[in-house]
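Trainee: Following this message is one structure expressed as structure tokens.
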Amino acid sequence: MSAIPLFRRDEAKAPAAAASAPKPKGGLVEVTDFRLRYDSAEGAVDAVTDVSLTIRPGEFVSIIGPSGCGKSTLLNALAGFLKPTSGTVTVDGEPVKGPGADRGVIFQQYSLFPWKTVRENVEFGLKMRGVGRAERARAARTLLGLAGLSAFENHYPDRLSGGMKQRVGIVRALATGPRILLLDEPFGALDAQTRLIMQQILTNMWQRLKISVLFITHDLDEAIFLSDRIYVMTSRPGTVKAEIAVPLPRPREPAMTMSSEFLALRRGLMSLIREESLKAMGGEISEEALQGLAINLDGQDIPRVL
Ligand SMILES: Nc1ncnc2c1ncn2[C@@H]1O[C@H](COP(=O)(O)OP(=O)(O)OP(=O)(O)O)[C@@H](O)[C@H]1O
């Protein structure tokens, strides 16, 4: 078994891009000393603190971390929906001041227009920008082809499965040519098999388009399979605990998930996440309790009590 080193911050290097991939046009994301505090009626919540991270042009980066560590908060700040309390978020050197066409955003919930066909959904953003009918149709058909959806261009969303709807959502976000794609647990609502297929389609599309991606997930296998690098966050207030390079070759193939390299990465990530998830639960769960040994039975015989 070959051991894969887990890198701490500043040590992770992205693997070289595949020779066949197009050269990315911009898409450098820099987050520096980012902090976000929510002020609510119940008091202030420090959601994220002292986060600095980078997504290089054309890089696929994932963020994993325990529930409530601020992953969505970071993504929303990159999307321009939230302003940092302090620190900076820039895209190609320009501070993010709000949502913009340079960033496509995809959430777990599907957000298609039910009264429009698949192709009309994909063309919508282009139409808003005044792109002509023929050019719109050509762009939509190319992207739908890449996502394996050509046969469904005239279907309405209610005729599509969850996986198809999410693929249409991704295609729609890509249609306007963003430099960065931000995905917040996009496959979280899908069954395990569909999820694997979606990962394969996304990695294939990304390899063809080579735009920068920030991907949030709870699924370690998904993060490893898709990413060039993975940031692991601590429990709240979230900060970066580790930065891990994924040195698996491209294109990614499902068989790689059985490789010793993949499994070594998985083990390393699992132990980092477990540590933080236990902390996020307020430390009330001990190792003993996880084994069912810490429950006080007062000398009673379990089968008789039940
Ligand atoms: N509008 C808000 N007001 C107050 N607190 C908030 C608000 N939005 C989020 N929070 C809190 O900030 C913290 C970070 O939330 P966030 O949704 O970014 O975490 P997350 O890592 O994406 O969580 P999950 O993995 O469960 O989706 C959480 O403790 C959450 O309860």
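A note on labels: chains of the structure tokens are A, B, ... as shown, every chain counts residues from 1, and ligands are counted from 1 in their shown order.
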As a PyMOL selection string, please: the residues near A:Ser161 (cut-off 12 Å, only C-alpha atoms, same-chain neighbours under 3 positions excluded).
Mentor: chain A and resi 110+149+152+155-158+164-168+189-191+194
Trainee: Counting only C-alpha atoms and all ligand atoms, which protein, DNA or RNA residues come within 7 Å of ligand 1, given as a ChimeraX atom specification?
Mentor: /A:38-40,45-47,65-74,218,236
Trainee: Write out as a compact mmCIF listing (two decimals) with N, CA and C atoms, in the first residue's frame the residues lying within 8 Å of stretch 130-143 of chain A, counting only C-alpha atoms and excluding same-chain residues fewer than 6 positions away.
Mentor:
```txt
# COMPACT_ATOMS: atom_id res chain seq x y z
N ARG A 119 -34.47 23.14 -22.68
CA ARG A 119 -33.64 24.07 -23.47
C ARG A 119 -33.96 25.53 -23.15
N VAL A 122 -32.19 26.50 -20.07
CA VAL A 122 -30.76 26.71 -20.28
C VAL A 122 -30.51 28.03 -21.02
N GLU A 123 -31.42 28.37 -21.93
CA GLU A 123 -31.23 29.58 -22.74
C GLU A 123 -31.58 30.86 -21.98
N SER A 150 -29.29 15.70 -24.46
CA SER A 150 -29.80 16.13 -25.77
C SER A 150 -31.21 15.64 -26.03
N GLU A 153 -34.25 17.89 -24.48
CA GLU A 153 -34.28 19.35 -24.57
C GLU A 153 -35.69 19.93 -24.61
N VAL A 171 -26.00 22.90 -16.24
CA VAL A 171 -25.86 23.38 -17.62
C VAL A 171 -26.35 24.83 -17.73
N LEU A 174 -23.84 27.10 -16.43
CA LEU A 174 -22.65 27.20 -17.29
C LEU A 174 -22.91 27.98 -18.57
N ALA A 175 -24.20 28.07 -18.97
CA ALA A 175 -24.53 28.62 -20.28
C ALA A 175 -24.06 30.06 -20.47
```
Trainee: Could you pull out all residues of stretch 47-231 of chain A with a DSSP call of strand (DSSP E or B) and give them as JSON, numbers by chain?
Mentor: {"A": [47, 48, 49, 50, 51, 52, 53, 54, 55, 60, 61, 62, 63, 64, 86, 87, 88, 89, 90, 91, 94, 95, 103, 104, 105, 106, 180, 181, 182, 183, 184, 212, 213, 214, 215, 216, 229, 230, 231]}
Trainee: Of the candidates A:Val96, A:Ala264, A:Leu75, A:Val29, which shows the shortest atom-to-atom distance to A:Asp184, using only C-alpha atoms?
Mentor: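 Ranked by minimum distance to A:Asp184, first place goes to A:Leu75.
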Trainee: Set the distance at 8 Å and use only C-alpha atoms: which residues neighbour A:Thr176 once local chain neighbours fewer than 5 positions away are removed? I'd like the list as a tab-separated table (two decimals) with C-alpha atoms, in the first residue's frame.
Mentor:
```tsv
chain	number	residue	atom	x	y	z
A	101	ALA	CA	-22.39	36.68	-14.12
A	125	GLY	CA	-29.68	33.65	-18.96
A	126	LEU	CA	-28.46	34.12	-22.53
```
Trainee: Given only C-alpha atoms as the basis, pick out the residue of A:Asp102, A:Gly177, A:Met281, A:Thr85 nearest to A:Ala44.
Mentor: A:Thr85
Trainee: With distances taken over only C-alpha atoms, which of A:Gly93, A:Gly268, A:Gly188, A:Gly104 is nearest to A:Thr32?
Mentor: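 Of all the options, A:Gly93 lies closest to A:Thr32.
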